[in-house]
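data.pdb follows (PDB, C-alpha atoms, pLDDT in the B column):
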```pdb
ATOM      1  CA  THR I1373     -19.061  20.073   2.686  1.00 96.00           C
ATOM      2  CA  PHE I1374     -21.076  23.224   2.177  1.00 96.00           C
ATOM      3  CA  PHE I1375     -21.467  25.460   5.226  1.00 97.00           C
ATOM      4  CA  ILE I1376     -24.363  27.513   3.985  1.00 97.00           C
ATOM      5  CA  LEU I1377     -26.034  30.798   4.779  1.00 97.00           C
ATOM      6  CA  ASN I1378     -29.685  31.638   4.347  1.00 97.00           C
ATOM      7  CA  TYR I1379     -30.920  31.069   0.816  1.00 97.00           C
ATOM      8  CA  ASP I1380     -33.884  32.228  -1.168  1.00 96.00           C
ATOM      9  CA  GLU I1381     -36.303  30.297  -3.346  1.00 96.00           C
ATOM     10  CA  GLU I1382     -34.048  30.812  -6.374  1.00 95.00           C
ATOM     11  CA  ARG I1383     -31.068  29.184  -4.607  1.00 95.00           C
ATOM     12  CA  GLU I1384     -33.031  26.358  -2.980  1.00 97.00           C
ATOM     13  CA  PRO I1385     -32.389  24.020  -5.954  1.00 98.00           C
ATOM     14  CA  LEU I1386     -28.629  24.490  -5.404  1.00 95.00           C
ATOM     15  CA  VAL I1387     -28.941  23.383  -1.782  1.00 97.00           C
ATOM     16  CA  LYS I1388     -30.952  20.356  -2.897  1.00 98.00           C
ATOM     17  CA  ARG I1389     -28.390  19.566  -5.592  1.00 97.00           C
ATOM     18  CA  GLU I1390     -25.523  19.743  -3.088  1.00 96.00           C
ATOM     19  CA  TYR I1391     -27.291  17.279  -0.821  1.00 98.00           C
ATOM     20  CA  GLU I1392     -28.507  14.956  -3.592  1.00 97.00           C
ATOM     21  CA  SER I1393     -24.952  14.833  -4.997  1.00 97.00           C
ATOM     22  CA  GLY I1394     -23.743  13.371  -1.716  1.00 96.00           C
ATOM     23  CA  HIS I1395     -22.266  16.501  -0.179  1.00 96.00           C
ATOM     24  CA  THR I1396     -22.850  17.493   3.414  1.00 98.00           C
ATOM     25  CA  VAL I1397     -25.043  20.547   3.844  1.00 98.00           C
ATOM     26  CA  ALA I1398     -24.014  22.198   7.087  1.00 98.00           C
ATOM     27  CA  ILE I1399     -24.955  25.359   8.968  1.00 98.00           C
ATOM     28  CA  HIS I1400     -22.971  28.561   8.701  1.00 97.00           C
ATOM     29  CA  GLY I1401     -25.872  30.705   9.867  1.00 97.00           C
ATOM     30  CA  TYR I1402     -29.013  32.422   8.752  1.00 98.00           C
ATOM     31  CA  SER I1403     -27.051  35.668   8.854  1.00 97.00           C
ATOM     32  CA  HIS I1404     -23.325  36.437   8.690  1.00 95.00           C
ATOM     33  CA  THR I1405     -23.607  39.912  10.211  1.00 96.00           C
ATOM     34  CA  TYR I1406     -21.278  39.787  13.208  1.00 96.00           C
ATOM     35  CA  SER I1407     -22.909  42.711  15.003  1.00 96.00           C
ATOM     36  CA  ALA I1408     -26.266  40.934  14.888  1.00 96.00           C
ATOM     37  CA  ILE I1409     -25.324  37.324  15.568  1.00 97.00           C
ATOM     38  CA  TYR I1410     -22.700  37.832  18.276  1.00 97.00           C
ATOM     39  CA  GLN I1411     -24.779  40.113  20.525  1.00 97.00           C
ATOM     40  CA  SER I1412     -25.473  37.231  22.912  1.00 97.00           C
ATOM     41  CA  VAL I1413     -25.551  33.460  23.151  1.00 96.00           C
ATOM     42  CA  ASP I1414     -29.290  33.548  22.467  1.00 97.00           C
ATOM     43  CA  THR I1415     -28.962  35.655  19.310  1.00 98.00           C
ATOM     44  CA  TYR I1416     -26.324  33.276  17.987  1.00 98.00           C
ATOM     45  CA  LEU I1417     -28.385  30.188  18.794  1.00 98.00           C
ATOM     46  CA  ASN I1418     -31.428  31.755  17.124  1.00 98.00           C
ATOM     47  CA  ASN I1419     -29.298  32.411  14.038  1.00 98.00           C
ATOM     48  CA  VAL I1420     -28.313  28.741  13.876  1.00 98.00           C
ATOM     49  CA  THR I1421     -31.760  27.368  14.682  1.00 98.00           C
ATOM     50  CA  LYS I1422     -33.458  29.524  12.062  1.00 98.00           C
ATOM     51  CA  LEU I1423     -31.249  28.090   9.309  1.00 98.00           C
ATOM     52  CA  GLN I1424     -31.432  24.577  10.761  1.00 98.00           C
ATOM     53  CA  ASP I1425     -35.231  24.763  10.520  1.00 98.00           C
ATOM     54  CA  LYS I1426     -35.035  25.967   6.923  1.00 98.00           C
ATOM     55  CA  ILE I1427     -32.653  23.147   5.942  1.00 98.00           C
ATOM     56  CA  LYS I1428     -34.994  20.637   7.564  1.00 98.00           C
ATOM     57  CA  GLU I1429     -37.892  22.069   5.602  1.00 98.00           C
ATOM     58  CA  THR I1430     -35.899  21.946   2.347  1.00 98.00           C
ATOM     59  CA  LEU I1431     -34.078  18.624   2.722  1.00 98.00           C
ATOM     60  CA  GLY I1432     -35.860  16.788   5.511  1.00 98.00           C
ATOM     61  CA  ILE I1433     -32.635  16.417   7.520  1.00 97.00           C
ATOM     62  CA  GLU I1434     -31.556  17.693  10.909  1.00 97.00           C
ATOM     63  CA  ALA I1435     -28.288  19.530  10.181  1.00 98.00           C
ATOM     64  CA  THR I1436     -26.009  19.470  13.236  1.00 97.00           C
ATOM     65  CA  ILE I1437     -22.653  20.330  11.665  1.00 98.00           C
ATOM     66  CA  THR I1438     -21.743  23.993  11.777  1.00 97.00           C
ATOM     67  CA  ARG I1439     -19.000  26.549  11.262  1.00 97.00           C
ATOM     68  CA  PHE I1440     -18.974  29.802  13.192  1.00 97.00           C
ATOM     69  CA  PRO I1441     -18.843  32.925  11.011  1.00 96.00           C
ATOM     70  CA  GLY I1442     -15.234  34.016  11.415  1.00 94.00           C
ATOM     71  CA  GLY I1443     -14.296  30.682  13.005  1.00 94.00           C
ATOM     72  CA  SER I1444     -14.404  29.586  16.626  1.00 94.00           C
ATOM     73  CA  SER I1445     -11.429  31.758  17.555  1.00 92.00           C
ATOM     74  CA  ASN I1446     -12.531  34.942  15.819  1.00 93.00           C
ATOM     75  CA  THR I1447     -11.715  38.149  17.642  1.00 91.00           C
ATOM     76  CA  ILE I1448     -14.370  40.372  16.089  1.00 93.00           C
ATOM     77  CA  SER I1449     -17.128  38.805  18.225  1.00 95.00           C
ATOM     78  CA  ARG I1450     -15.601  40.262  21.413  1.00 93.00           C
ATOM     79  CA  HIS I1451     -16.634  43.717  20.196  1.00 94.00           C
ATOM     80  CA  TYR I1452     -20.243  42.662  20.681  1.00 95.00           C
ATOM     81  CA  CYS I1453     -20.091  40.252  23.638  1.00 95.00           C
ATOM     82  CA  SER I1454     -16.993  39.483  25.697  1.00 92.00           C
ATOM     83  CA  LYS I1455     -15.885  35.816  25.823  1.00 91.00           C
ATOM     84  CA  ILE I1456     -18.845  34.731  23.689  1.00 96.00           C
ATOM     85  CA  MET I1457     -16.862  32.289  21.526  1.00 95.00           C
ATOM     86  CA  THR I1458     -15.721  30.184  24.472  1.00 93.00           C
ATOM     87  CA  THR I1459     -19.302  30.023  25.719  1.00 95.00           C
ATOM     88  CA  LEU I1460     -20.704  29.285  22.264  1.00 96.00           C
ATOM     89  CA  ALA I1461     -18.202  26.513  21.579  1.00 94.00           C
ATOM     90  CA  TYR I1462     -19.262  24.754  24.778  1.00 95.00           C
ATOM     91  CA  GLU I1463     -22.951  25.480  24.223  1.00 96.00           C
ATOM     92  CA  MET I1464     -23.001  24.156  20.663  1.00 96.00           C
ATOM     93  CA  VAL I1465     -21.353  20.855  21.627  1.00 95.00           C
ATOM     94  CA  SER I1466     -23.623  20.452  24.651  1.00 96.00           C
ATOM     95  CA  ARG I1467     -26.626  20.874  22.332  1.00 96.00           C
ATOM     96  CA  GLY I1468     -25.436  18.086  20.018  1.00 95.00           C
ATOM     97  CA  TYR I1469     -23.726  20.114  17.311  1.00 96.00           C
ATOM     98  CA  THR I1470     -20.238  19.565  15.977  1.00 96.00           C
ATOM     99  CA  TYR I1471     -18.412  22.617  14.764  1.00 96.00           C
ATOM    100  CA  PHE I1472     -15.491  22.890  12.410  1.00 96.00           C
ATOM    101  CA  ASP I1473     -12.822  25.401  11.692  1.00 96.00           C
ATOM    102  CA  TRP I1474     -10.203  25.116   8.982  1.00 96.00           C
ATOM    103  CA  ASN I1475      -6.500  24.442   9.071  1.00 94.00           C
ATOM    104  CA  VAL I1476      -5.790  25.378   5.452  1.00 96.00           C
ATOM    105  CA  ASP I1477      -6.993  28.786   4.252  1.00 95.00           C
ATOM    106  CA  SER I1478      -7.267  29.490   0.533  1.00 96.00           C
ATOM    107  CA  ASP I1479      -7.517  33.170   1.518  1.00 95.00           C
ATOM    108  CA  ASP I1480     -10.100  33.618  -1.202  1.00 94.00           C
ATOM    109  CA  ALA I1481     -12.072  35.980   1.021  1.00 90.00           C
ATOM    110  CA  GLY I1482      -8.870  37.832   1.885  1.00 91.00           C
ATOM    111  CA  SER I1483      -5.773  38.815  -0.032  1.00 93.00           C
ATOM    112  CA  ALA I1484      -5.732  36.109  -2.736  1.00 95.00           C
ATOM    113  CA  LYS I1485      -5.993  38.043  -5.967  1.00 96.00           C
ATOM    114  CA  ASN I1486      -6.377  35.224  -8.467  1.00 97.00           C
ATOM    115  CA  SER I1487      -6.647  31.461  -8.920  1.00 97.00           C
ATOM    116  CA  ASP I1488      -2.849  31.045  -8.805  1.00 97.00           C
ATOM    117  CA  ASP I1489      -2.782  32.609  -5.319  1.00 97.00           C
ATOM    118  CA  ILE I1490      -5.533  30.266  -4.157  1.00 97.00           C
ATOM    119  CA  TYR I1491      -3.818  27.214  -5.606  1.00 98.00           C
ATOM    120  CA  ARG I1492      -0.542  28.177  -3.945  1.00 97.00           C
ATOM    121  CA  ASN I1493      -2.210  28.977  -0.589  1.00 97.00           C
ATOM    122  CA  VAL I1494      -3.893  25.572  -0.487  1.00 97.00           C
ATOM    123  CA  THR I1495      -1.208  23.297  -1.912  1.00 97.00           C
ATOM    124  CA  THR I1496       1.635  24.725   0.179  1.00 97.00           C
ATOM    125  CA  HIS I1497      -0.298  24.215   3.420  1.00 96.00           C
ATOM    126  CA  LEU I1498      -1.651  20.699   2.917  1.00 96.00           C
ATOM    127  CA  SER I1499      -0.086  18.092   5.180  1.00 95.00           C
ATOM    128  CA  LYS I1500      -0.262  14.317   5.207  1.00 94.00           C
ATOM    129  CA  ASP I1501       0.158  14.463   9.004  1.00 93.00           C
ATOM    130  CA  LYS I1502      -3.356  15.795   9.630  1.00 91.00           C
ATOM    131  CA  ALA I1503      -6.880  15.901   8.326  1.00 92.00           C
ATOM    132  CA  ASN I1504      -6.871  18.956   6.090  1.00 95.00           C
ATOM    133  CA  VAL I1505      -9.943  21.159   6.261  1.00 95.00           C
ATOM    134  CA  VAL I1506      -9.624  23.723   3.480  1.00 96.00           C
ATOM    135  CA  LEU I1507     -11.550  26.983   3.696  1.00 96.00           C
ATOM    136  CA  MET I1508     -12.952  28.143   0.368  1.00 96.00           C
ATOM    137  CA  HIS I1509     -15.928  30.346  -0.343  1.00 92.00           C
ATOM    138  CA  ASP I1510     -18.532  30.239  -3.095  1.00 86.00           C
ATOM    139  CA  PHE I1511     -19.717  33.839  -2.827  1.00 80.00           C
ATOM    140  CA  ALA I1512     -21.094  35.582  -5.896  1.00 80.00           C
ATOM    141  CA  ASN I1513     -18.616  36.213  -8.701  1.00 83.00           C
ATOM    142  CA  ASN I1514     -15.785  34.383  -6.911  1.00 89.00           C
ATOM    143  CA  THR I1515     -14.301  33.120 -10.155  1.00 93.00           C
ATOM    144  CA  LYS I1516     -10.797  32.950  -8.672  1.00 96.00           C
ATOM    145  CA  THR I1517     -11.839  30.038  -6.443  1.00 95.00           C
ATOM    146  CA  ILE I1518     -13.884  28.366  -9.156  1.00 94.00           C
ATOM    147  CA  ASN I1519     -10.910  28.623 -11.519  1.00 96.00           C
ATOM    148  CA  ALA I1520      -8.504  27.164  -8.931  1.00 97.00           C
ATOM    149  CA  LEU I1521     -10.681  24.301  -7.736  1.00 95.00           C
ATOM    150  CA  GLU I1522      -9.972  21.749 -10.450  1.00 96.00           C
ATOM    151  CA  SER I1523      -6.205  22.295 -10.159  1.00 98.00           C
ATOM    152  CA  VAL I1524      -6.367  21.982  -6.361  1.00 98.00           C
ATOM    153  CA  ILE I1525      -8.308  18.725  -6.655  1.00 97.00           C
ATOM    154  CA  ASP I1526      -5.915  17.392  -9.290  1.00 98.00           C
ATOM    155  CA  TYR I1527      -2.939  18.268  -7.066  1.00 98.00           C
ATOM    156  CA  GLY I1528      -4.553  16.526  -4.104  1.00 97.00           C
ATOM    157  CA  LEU I1529      -5.351  13.358  -6.027  1.00 97.00           C
ATOM    158  CA  GLU I1530      -1.920  13.240  -7.662  1.00 98.00           C
ATOM    159  CA  ASN I1531      -0.295  13.535  -4.233  1.00 97.00           C
ATOM    160  CA  GLY I1532      -2.309  10.877  -2.418  1.00 97.00           C
ATOM    161  CA  TYR I1533      -4.920  13.025  -0.679  1.00 97.00           C
ATOM    162  CA  THR I1534      -8.561  12.017  -0.465  1.00 95.00           C
ATOM    163  CA  PHE I1535     -11.644  14.204  -0.402  1.00 95.00           C
ATOM    164  CA  GLU I1536     -14.391  13.403   2.068  1.00 94.00           C
ATOM    165  CA  SER I1537     -17.502  15.117   3.318  1.00 95.00           C
ATOM    166  CA  ILE I1538     -17.594  16.085   6.957  1.00 96.00           C
ATOM    167  CA  THR I1539     -20.094  13.925   8.846  1.00 94.00           C
ATOM    168  CA  PRO I1540     -21.283  13.853  12.463  1.00 91.00           C
ATOM    169  CA  ASP I1541     -18.623  11.171  13.042  1.00 92.00           C
ATOM    170  CA  THR I1542     -15.753  13.291  11.702  1.00 93.00           C
ATOM    171  CA  GLU I1543     -13.317  14.409  14.384  1.00 90.00           C
ATOM    172  CA  MET I1544     -13.713  18.135  14.881  1.00 89.00           C
ATOM    173  CA  VAL I1545     -10.983  20.425  13.585  1.00 89.00           C
ATOM    174  CA  THR I1546     -11.084  23.542  15.709  1.00 88.00           C
ATOM    175  CA  HIS I1547      -9.084  26.595  16.630  1.00 80.00           C
ATOM    176  CA  THR I1548      -8.513  27.401  20.285  1.00 58.00           C
ATOM    177  CA  THR I1549     -11.238  29.670  21.589  1.00 48.00           C
ATOM    178  CA  ASN I1550     -10.283  32.458  23.942  1.00 48.00           C
ATOM    179  CA  ASN I1551     -12.804  35.140  23.121  1.00 48.00           C
TER     180      ASN I1551
END
```
If you took the structure in this file and wrote it as structure tokens, what would it be?
Amino acid sequence: TFFILNYDEEREPLVKREYESGHTVAIHGYSHTYSAIYQSVDTYLNNVTKLQDKIKETLGIEATITRFPGGSSNTISRHYCSKIMTTLAYEMVSRGYTYFDWNVDSDDAGSAKNSDDIYRNVTTHLSKDKANVVLMHDFANNTKTINALESVIDYGLENGYTFESITPDTEMVTHTTNN
């Protein structure tokens, strides 16, 4: 599942390829700038709707799966609008969206320094007692994640895990919101 940000004409073929390859294209947001998107419920909803409209124009589908920048329990949003995440979580569901967080973090956007760190972060936190939603990023020049991905997939397959796209019928995996 690809939770995407705004894309330009050059990257549009990648979005189409993701979708045509059977992956879910989901909404992360038109922007990822916390200070802009978390000013109010309306600014956040506009951020989502703007990308949703672009995805519909590109793929002809109504994307309703989303992931909040920073996750549904992020604390940075409170600097811009108190308790916004609790309100947004409710608002998104009431508008027909499903949102997802992660319960396994590769830490590729954090302290993971190389592909070995990413592999270790993922494989040591997988559990057969839950649906595992692994957070990985495909930002520019993120070779550490690219280099770890095949090994992570091999580990998963060798240990009885399956890989599935998130769909509107997938049970949401969320953090507790209190912001």
Could you build a table of the residues in stretch 1415-1449 of chain I lying no more than 12 Å from stretch 1535-1543 of chain I, giving for each the nearest pair of atoms and their separation in Å rounded to one decimal place, using all atoms listed in the file, ordered by chain and ascending residue number, as a Markdown table?
```
| residue | atom | partner | partner_atom | distance |
| --- | --- | --- | --- | --- |
| I:Glu1434 | CA | I:Pro1540 | CA | 11.1 |
| I:Ala1435 | CA | I:Pro1540 | CA | 9.3 |
| I:Thr1436 | CA | I:Pro1540 | CA | 7.4 |
| I:Ile1437 | CA | I:Pro1540 | CA | 6.7 |
| I:Thr1438 | CA | I:Ile1538 | CA | 10.1 |
| I:Arg1439 | CA | I:Ile1538 | CA | 11.4 |
```
Shortest interatomic distance to I:Ala1461 - which of I:Val1413, I:Ile1433, I:Val1476, I:Val1524, counting all atoms listed in the file: I:Val1413
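One distance worth recording is that between atom CA of I:Leu1498 and atom CA of I:Leu1377, which is 26.5 Å.
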Given the choices I:Asp1480, I:Asp1501, I:Val1420, I:Ser1487, which gets closest to I:Arg1467 if the distance is worked out from only C-alpha atoms?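 The closest residue to I:Arg1467 is I:Val1420.
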Enter the distance from atom CA of I:Glu1522 to atom CA of I:Val1545, in Å, rounded to one decimal.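 The value is 24.1 Å.
Residue nearest I:Glu1384, chosen from I:Thr1470, I:Thr1430, I:Thr1447, I:Ser1403 and counting all atoms listed in the file: I:Thr1430.
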Dump as a JSON list (two decimals) with C-alpha atoms, in the coordinates of the input all residues having an atom at most 12 Å from (-5.2, 25.9, -5.4), computed in the file's coordinates with all atoms listed in the file.
```
[["chain", "number", "residue", "atom", "x", "y", "z"],
["I", 1476, "VAL", "CA", -5.79, 25.38, 5.45],
["I", 1477, "ASP", "CA", -6.99, 28.79, 4.25],
["I", 1478, "SER", "CA", -7.27, 29.49, 0.53],
["I", 1479, "ASP", "CA", -7.52, 33.17, 1.52],
["I", 1480, "ASP", "CA", -10.10, 33.62, -1.20],
["I", 1484, "ALA", "CA", -5.73, 36.11, -2.74],
["I", 1486, "ASN", "CA", -6.38, 35.22, -8.47],
["I", 1487, "SER", "CA", -6.65, 31.46, -8.92],
["I", 1488, "ASP", "CA", -2.85, 31.04, -8.80],
["I", 1489, "ASP", "CA", -2.78, 32.61, -5.32],
["I", 1490, "ILE", "CA", -5.53, 30.27, -4.16],
["I", 1491, "TYR", "CA", -3.82, 27.21, -5.61],
["I", 1492, "ARG", "CA", -0.54, 28.18, -3.94],
["I", 1493, "ASN", "CA", -2.21, 28.98, -0.59],
["I", 1494, "VAL", "CA", -3.89, 25.57, -0.49],
["I", 1495, "THR", "CA", -1.21, 23.30, -1.91],
["I", 1496, "THR", "CA", 1.64, 24.72, 0.18],
["I", 1497, "HIS", "CA", -0.30, 24.22, 3.42],
["I", 1498, "LEU", "CA", -1.65, 20.70, 2.92],
["I", 1506, "VAL", "CA", -9.62, 23.72, 3.48],
["I", 1507, "LEU", "CA", -11.55, 26.98, 3.70],
["I", 1508, "MET", "CA", -12.95, 28.14, 0.37],
["I", 1516, "LYS", "CA", -10.80, 32.95, -8.67],
["I", 1517, "THR", "CA", -11.84, 30.04, -6.44],
["I", 1518, "ILE", "CA", -13.88, 28.37, -9.16],
["I", 1519, "ASN", "CA", -10.91, 28.62, -11.52],
["I", 1520, "ALA", "CA", -8.50, 27.16, -8.93],
["I", 1521, "LEU", "CA", -10.68, 24.30, -7.74],
["I", 1522, "GLU", "CA", -9.97, 21.75, -10.45],
["I", 1523, "SER", "CA", -6.20, 22.30, -10.16],
["I", 1524, "VAL", "CA", -6.37, 21.98, -6.36],
["I", 1525, "ILE", "CA", -8.31, 18.73, -6.66],
["I", 1526, "ASP", "CA", -5.92, 17.39, -9.29],
["I", 1527, "TYR", "CA", -2.94, 18.27, -7.07],
["I", 1528, "GLY", "CA", -4.55, 16.53, -4.10]]
```
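The space between atom CA of I:Thr1546 and atom CA of I:Tyr1471 spans 7.4 Å.
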Neighbours of I:Leu1417 within 10 Å (all atoms listed in the file; same-chain residues fewer than 5 positions away dropped), as a PDB file with C-alpha atoms, keeping the file's coordinate frame?
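Contents of around.pdb, as written:
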```pdb
ATOM      1  CA  GLY I1401     -25.872  30.705   9.867  1.00 97.00           C
ATOM      2  CA  ILE I1409     -25.324  37.324  15.568  1.00 97.00           C
ATOM      3  CA  TYR I1410     -22.700  37.832  18.276  1.00 97.00           C
ATOM      4  CA  SER I1412     -25.473  37.231  22.912  1.00 97.00           C
ATOM      5  CA  LYS I1422     -33.458  29.524  12.062  1.00 98.00           C
ATOM      6  CA  LEU I1460     -20.704  29.285  22.264  1.00 96.00           C
ATOM      7  CA  GLU I1463     -22.951  25.480  24.223  1.00 96.00           C
ATOM      8  CA  MET I1464     -23.001  24.156  20.663  1.00 96.00           C
TER       9      MET I1464
END
```
Given the file above and the PyMOL selection byres ((chain I and resi 1385-1394) around 12), which residues are selected, and can you give them as an NGL selection string? :I and (1373-1384 or 1395-1399 or 1426-1433 or 1435 or 1510 or 1536-1539)
Is it possible to get the axis-aligned box enclosing stretch 1465-1479 of chain I (all listed atoms, 4 Å extra per side) as AutoDock Vina command-line options, with centre and edge lengths in Å rounded to one decimal?
```
--center_x -16.2 --center_y 25.6 --center_z 12.6 --size_x 28.8 --size_y 23.1 --size_z 32.1
```
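Within 9 Å of the point (-19.5, 44.0, 19.6), and counting only C-alpha atoms, the protein, DNA and RNA residues are Tyr1406, Ser1407, Ala1408, Tyr1410, Gln1411, Ile1448, Ser1449, Arg1450, His1451, Tyr1452, Cys1453 and Ser1454 of chain I.
You can rank I:Asn1514, I:Ser1445, I:Asn1504, I:Thr1415 by their closest distance to I:Ala1481 using only C-alpha atoms, and at the top of that list sits I:Asn1514.
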